[in-house]
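Shown below: run_34.txt, with compact mmCIF, C-alpha atoms.
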# COMPACT_ATOMS: atom_id res chain seq x y z
CA MET G 62 118.16 108.22 117.55
CA LEU G 63 116.44 110.46 115.04
CA LEU G 64 112.67 110.96 114.84
CA ALA G 65 111.68 112.01 111.32
CA ILE G 66 108.17 113.44 110.86
CA ASP G 67 106.43 114.10 107.55
CA CYS G 68 103.10 115.86 108.14
CA GLY G 69 100.82 115.73 105.11
CA ASN G 70 97.27 116.93 104.62
CA THR G 71 95.81 113.44 105.14
CA ASN G 72 98.41 111.40 107.05
CA THR G 73 101.47 112.07 109.19
CA LEU G 74 104.43 109.69 109.00
CA PHE G 75 106.73 109.09 111.98
CA ALA G 76 109.97 107.15 111.46
CA VAL G 77 112.89 106.30 113.75
CA HIS G 78 116.50 106.01 112.51
CA ASP G 79 119.24 104.62 114.77
CA GLY G 80 122.16 106.06 112.81
CA THR G 81 122.44 103.00 110.60
CA ASP G 82 118.95 101.75 109.76
CA TRP G 83 115.31 102.69 110.00
CA ARG G 84 114.02 100.92 113.10
CA ALA G 85 110.30 101.59 112.71
CA GLN G 86 107.76 103.82 111.00
CA TRP G 87 104.08 104.55 111.56
CA ARG G 88 101.30 106.61 110.01
CA THR G 89 98.48 108.45 111.76
CA ALA G 90 95.67 110.61 110.43
CA THR G 91 96.66 114.27 110.38
CA TYR G 92 94.62 116.16 112.97
CA SER G 93 95.86 119.67 113.55
CA ALA G 94 94.35 119.95 117.05
CA ARG G 95 96.30 116.93 118.38
CA THR G 96 98.59 118.20 121.14
CA ALA G 97 102.23 117.38 121.80
CA ASP G 98 101.15 115.39 124.85
CA GLU G 99 98.73 113.29 122.81
CA TYR G 100 101.42 112.62 120.21
CA ALA G 101 103.82 111.59 122.98
CA VAL G 102 101.43 109.04 124.52
CA TRP G 103 100.63 107.52 121.12
CA LEU G 104 104.25 107.46 120.00
CA ASN G 105 105.59 106.00 123.24
CA GLN G 106 103.16 103.08 123.00
CA LEU G 107 104.29 102.29 119.47
CA LEU G 108 107.97 102.66 120.38
CA SER G 109 107.50 100.11 123.16
CA LEU G 110 106.54 97.49 120.55
CA HIS G 111 110.12 97.80 119.27
CA ASP G 112 111.72 97.84 122.73
CA LEU G 113 112.21 101.59 122.47
CA SER G 114 110.90 104.64 124.30
CA LEU G 115 110.88 108.41 123.93
CA LYS G 116 114.05 108.49 126.05
CA ASP G 117 115.91 106.78 123.19
CA LEU G 118 115.17 109.65 120.81
CA THR G 119 117.75 112.43 120.70
CA ALA G 120 116.91 114.49 117.59
CA CYS G 121 113.96 115.43 115.42
CA VAL G 122 113.45 116.66 111.86
CA ILE G 123 110.06 117.80 110.55
CA SER G 124 108.53 118.45 107.15
CA SER G 125 104.98 119.80 107.26
CA VAL G 126 102.48 121.20 104.77
CA VAL G 127 99.96 121.78 107.59
CA PRO G 128 100.95 124.96 109.48
CA GLN G 129 98.39 124.32 112.23
CA SER G 130 100.08 120.99 113.09
CA LEU G 131 103.63 122.30 113.11
CA PHE G 132 103.30 124.06 116.49
CA ASN G 133 102.36 120.84 118.29
CA LEU G 134 104.91 118.70 116.44
CA ARG G 135 107.64 121.20 117.29
CA ASN G 136 106.59 121.04 120.94
CA LEU G 137 106.75 117.24 120.79
CA GLY G 138 110.43 117.52 119.94
CA ARG G 139 111.13 120.17 122.54
CA ARG G 140 109.30 118.61 125.47
CA TYR G 141 109.73 114.88 124.97
CA ILE G 142 112.93 114.55 122.96
CA GLY G 143 114.75 117.49 124.52
CA SER G 144 115.86 118.76 121.13
CA GLU G 145 114.93 121.74 118.97
CA PRO G 146 113.57 120.14 115.78
CA LEU G 147 114.99 120.94 112.37
CA VAL G 148 112.04 122.20 110.31
CA VAL G 149 112.24 122.00 106.53
CA GLY G 150 111.46 125.37 105.00
CA GLU G 151 112.94 127.54 107.73
CA PRO G 152 115.66 129.90 106.44
CA SER G 153 118.32 128.39 108.70
CA VAL G 154 117.76 124.85 107.38
CA ASP G 155 119.83 123.91 104.32
CA ILE G 156 117.99 121.45 102.08
CA GLY G 157 120.64 121.37 99.40
CA VAL G 158 118.13 121.67 96.55
CA THR G 159 118.21 124.61 94.11
CA VAL G 160 114.66 125.76 93.30
CA ASN G 161 114.27 127.06 89.74
CA LEU G 162 110.89 128.72 90.17
CA ALA G 163 109.84 132.36 89.80
CA ARG G 164 108.73 132.17 93.46
CA PRO G 165 110.96 129.58 95.17
CA GLN G 166 108.88 129.87 98.36
CA ASP G 167 105.96 128.28 96.48
CA ALA G 168 107.70 124.89 96.42
CA GLY G 169 106.21 122.73 99.18
CA ALA G 170 108.54 121.34 101.83
CA ASP G 171 107.41 117.79 101.05
CA ARG G 172 108.27 118.18 97.35
CA LEU G 173 111.77 119.47 98.11
CA VAL G 174 112.38 116.68 100.61
CA ASN G 175 111.31 114.16 97.97
CA ALA G 176 113.72 115.71 95.48
CA LEU G 177 116.56 115.34 97.99
CA GLY G 178 115.50 111.80 98.92
CA CYS G 179 115.60 110.73 95.29
CA ARG G 180 118.95 112.39 94.62
CA VAL G 181 120.49 110.30 97.40
CA LYS G 182 119.62 107.07 95.57
CA TYR G 183 119.08 107.86 91.87
CA SER G 184 121.03 109.79 89.25
CA GLY G 185 120.16 111.81 86.19
CA ALA G 186 117.06 113.84 85.46
CA MET G 187 113.92 112.44 87.05
CA ILE G 188 110.19 112.76 87.59
CA ILE G 189 108.89 112.06 91.10
CA VAL G 190 105.25 110.95 91.27
CA ASP G 191 103.88 111.33 94.81
CA SER G 192 100.33 110.09 95.40
CA GLY G 193 98.72 111.55 98.50
CA THR G 194 95.93 114.06 99.05
CA ALA G 195 97.18 115.50 95.78
CA THR G 196 99.13 113.65 93.13
CA THR G 197 102.26 115.62 92.31
CA PHE G 198 104.65 115.19 89.39
CA ASP G 199 107.94 116.94 90.17
CA VAL G 200 110.82 117.38 87.74
CA VAL G 201 114.38 117.29 89.10
CA SER G 202 117.27 118.09 86.76
CA ALA G 203 120.39 115.97 86.37
CA ASP G 204 122.26 118.36 88.68
CA GLY G 205 119.60 118.04 91.40
CA ALA G 206 117.64 121.27 90.88
CA PHE G 207 113.88 121.38 91.44
CA GLU G 208 112.43 122.54 88.11
CA GLY G 209 108.71 122.58 88.92
CA GLY G 210 105.94 120.13 88.28
CA VAL G 211 102.25 119.31 88.04
CA ILE G 212 99.66 119.08 90.83
CA ALA G 213 96.50 117.00 90.28
CA PRO G 214 93.77 115.87 92.71
CA GLY G 215 94.66 112.70 94.59
CA ILE G 216 92.79 109.48 93.93
CA ASN G 217 91.06 109.46 97.34
CA LEU G 218 90.03 113.09 96.90
CA SER G 219 88.52 112.28 93.52
CA MET G 220 86.58 109.34 94.94
CA GLN G 221 85.28 111.47 97.78
CA ALA G 222 84.15 114.21 95.40
CA LEU G 223 82.39 111.67 93.16
CA HIS G 224 80.48 110.22 96.11
CA GLN G 225 79.53 113.59 97.59
CA ALA G 226 78.48 115.24 94.35
CA ALA G 227 76.35 112.38 92.98
CA ALA G 228 73.52 111.27 95.27
CA ARG G 229 73.24 107.75 93.86
CA LEU G 230 76.93 106.90 93.71
CA PRO G 231 78.21 105.00 96.77
CA ARG G 232 81.50 105.39 98.62
CA ILE G 233 83.84 102.70 97.30
CA ALA G 234 87.26 101.28 98.08
CA ILE G 235 90.17 101.63 95.67
CA GLU G 236 90.69 98.32 93.91
CA LYS G 237 92.28 97.24 90.65
CA PRO G 238 89.50 96.01 88.36
CA GLN G 239 90.29 93.08 86.11
CA ARG G 240 88.35 94.70 83.28
CA VAL G 241 87.93 98.29 82.13
CA LEU G 242 84.27 97.76 81.26
CA GLY G 243 82.22 97.90 84.47
CA LYS G 244 79.13 95.68 84.67
CA ASP G 245 77.57 97.46 87.68
CA THR G 246 77.81 100.85 89.37
CA VAL G 247 80.61 99.91 91.76
CA GLY G 248 82.59 98.21 89.00
CA ALA G 249 82.17 101.20 86.72
CA MET G 250 83.32 103.59 89.45
CA GLN G 251 86.33 101.46 90.36
CA SER G 252 87.34 101.24 86.72
CA GLY G 253 86.98 104.97 86.20
CA VAL G 254 88.97 105.85 89.30
CA PHE G 255 91.73 103.24 88.94
CA TRP G 256 92.30 103.16 85.18
CA GLY G 257 91.63 106.88 84.96
CA TYR G 258 94.50 107.46 87.37
CA ILE G 259 96.78 105.07 85.54
CA ASP G 260 96.20 107.06 82.36
CA LEU G 261 96.60 110.33 84.27
CA ILE G 262 100.01 109.17 85.52
CA ASP G 263 101.20 107.74 82.21
CA GLY G 264 99.86 110.65 80.18
CA LEU G 265 101.41 113.38 82.31
CA VAL G 266 104.73 111.55 82.61
CA GLU G 267 104.93 111.15 78.84
CA ARG G 268 104.06 114.82 78.28
CA LEU G 269 106.68 115.95 80.82
CA LYS G 270 109.33 113.75 79.20
CA ALA G 271 108.50 115.09 75.74
CA GLU G 272 108.61 118.68 76.96
CA TYR G 273 111.84 118.22 78.92
CA GLY G 274 113.52 116.59 75.96
CA GLN G 275 115.97 114.22 77.65
CA PRO G 276 115.96 110.77 79.29
CA MET G 277 114.33 110.78 82.73
CA THR G 278 113.96 108.22 85.50
CA VAL G 279 110.45 108.05 87.00
CA ILE G 280 110.12 107.30 90.72
CA ALA G 281 106.75 106.79 92.41
CA THR G 282 106.15 107.22 96.13
CA GLY G 283 103.29 108.04 98.50
CA GLY G 284 100.61 106.23 100.45
CA VAL G 285 98.59 104.72 97.60
CA THR G 286 101.25 104.45 94.90
CA SER G 287 101.81 100.73 95.51
CA LEU G 288 98.30 100.10 94.12
CA PHE G 289 99.55 101.14 90.69
CA GLU G 290 102.55 98.81 90.59
CA GLY G 291 102.41 96.59 87.53
CA ALA G 292 99.67 98.69 85.92
CA THR G 293 101.59 101.72 84.64
CA ARG G 294 103.95 101.74 81.68
CA THR G 295 106.00 104.78 82.70
CA ILE G 296 107.13 104.29 86.32
CA ASP G 297 110.64 102.86 86.71
CA HIS G 298 110.85 102.55 90.50
CA PHE G 299 108.30 102.27 93.30
CA ASP G 300 110.02 103.62 96.41
CA SER G 301 108.07 104.15 99.65
CA ASP G 302 111.10 105.54 101.52
CA VAL G 303 111.76 108.62 99.37
CA THR G 304 110.47 111.14 101.94
CA ILE G 305 112.08 109.71 105.06
CA ARG G 306 115.36 109.28 103.15
CA GLY G 307 115.16 112.97 102.27
CA LEU G 308 114.45 113.94 105.87
CA LEU G 309 117.43 111.90 107.05
CA GLU G 310 119.62 113.70 104.54
CA VAL G 311 118.29 117.10 105.70
CA TRP G 312 119.27 116.21 109.25
CA ARG G 313 122.70 114.99 108.19
CA ARG G 314 123.33 118.24 106.31
CA ASN G 315 122.29 120.47 109.20
CA ALA G 316 122.87 118.76 112.56
CA PRO G 317 126.39 119.31 113.96
CA GLU G 318 126.40 115.91 115.64
CA ALA G 319 125.51 114.22 112.35
CA ALA G 320 128.45 115.80 110.57
CA SER G 321 130.98 114.95 113.28
Same coordinates, now as structure tokens:
Amino acid sequence: MLLAIDCGNTNTLFAVHDGTDWRAQWRTATYSARTADEYAVWLNQLLSLHDLSLKDLTACVISSVVPQSLFNLRNLGRRYIGSEPLVVGEPSVDIGVTVNLARPQDAGADRLVNALGCRVKYSGAMIIVDSGTATTFDVVSADGAFEGGVIAPGINLSMQALHQAAARLPRIAIEKPQRVLGKDTVGAMQSGVFWGYIDLIDGLVERLKAEYGQPMTVIATGGVTSLFEGATRTIDHFDSDVTIRGLLEVWRRNAPEAAS
């Protein structure tokens, strides 16, 4: 079985694929000092809830935007799975995505994995909206090339900054307000954060489409994207499995046993 790991700045996703289906997936807060042994104890407990254990895992693929965490995640694969992990971004790992940037190395591993994960399921030119610590808008051409994108602060980051910078503004939860006009401080903040992000998404998507000049499919993914479902006018598909689908495809392209 394959263990796919996507390490982001805020959360790290672990998912298990049995060769046919995804058996389970879990998220934990990203903490760069967490050791391979700590990961193993935590992961083995969760695997047991699905009648699995670390002994059932035979391969590992990792995408990480947190260099400090990669060492321990790599050791998790080596020590407890008995396999050298495939790490997205290493020269020996073929992602199968052409990067049309002046500095191709600037494209984050997570963004390239998302591009691959979308190409597996969708066709034509597309915009991938990934809401995490940052909200990214990535353009993928009809032939699957990564063309670049837009990076904006994530919704949680914006809420945190608002609370920390203004002494009288409380920390609030993300909720969809029924009205735009807030009648109290919390309502006004929730409206500004939620509807502000809806307009950020719709506005940037429309500008990217106009600049690109051809029909594009818009796919949304990421931890908080589901909150926007039914509120945006520009997103065609909400797909929470984009990243792990891309990681599975990376493994299939590179692991000898997957190709046999």
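Remark: for G:Gly178, the closest of the candidate residues G:Val201, G:Leu134, G:Leu74, G:Leu162 is G:Val201 (distances computed over only C-alpha atoms).
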**Report entry** Distance in Å - atom CA of G:Asp155 versus atom CA of G:Leu308
**Finding:** 11.4 Å
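The gap separating atom CA of G:Ile123 from atom CA of G:Trp87 is 14.6 Å, in Å to one decimal.
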Query raised in the report: Taking only C-alpha atoms into account, which of G:Val241, G:Ala65, G:Ala101, G:Pro214 comes nearest G:Leu147?
Result: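 Answer, going by the shortest atom-to-atom distance: G:Ala65.
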Report task. Could you check how far atom CA of G:Ser109 sits from atom CA of G:Ala76, in Å to one decimal? Result ->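 Spanning atom CA of G:Ser109 to atom CA of G:Ala76 is a straight-line distance of 13.9 Å.
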Query raised in the report: G:Asn105, G:Ser130, G:Thr194, G:Asn175: which is nearest G:Val311, counting only C-alpha atoms?
Result: G:Asn175
Report task. Could you check which of G:Gly243, G:Pro231, G:Gly138, G:Gly193 is closest to G:Ala213, using only C-alpha atoms? Result ->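 The closest residue to G:Ala213 is G:Gly193.
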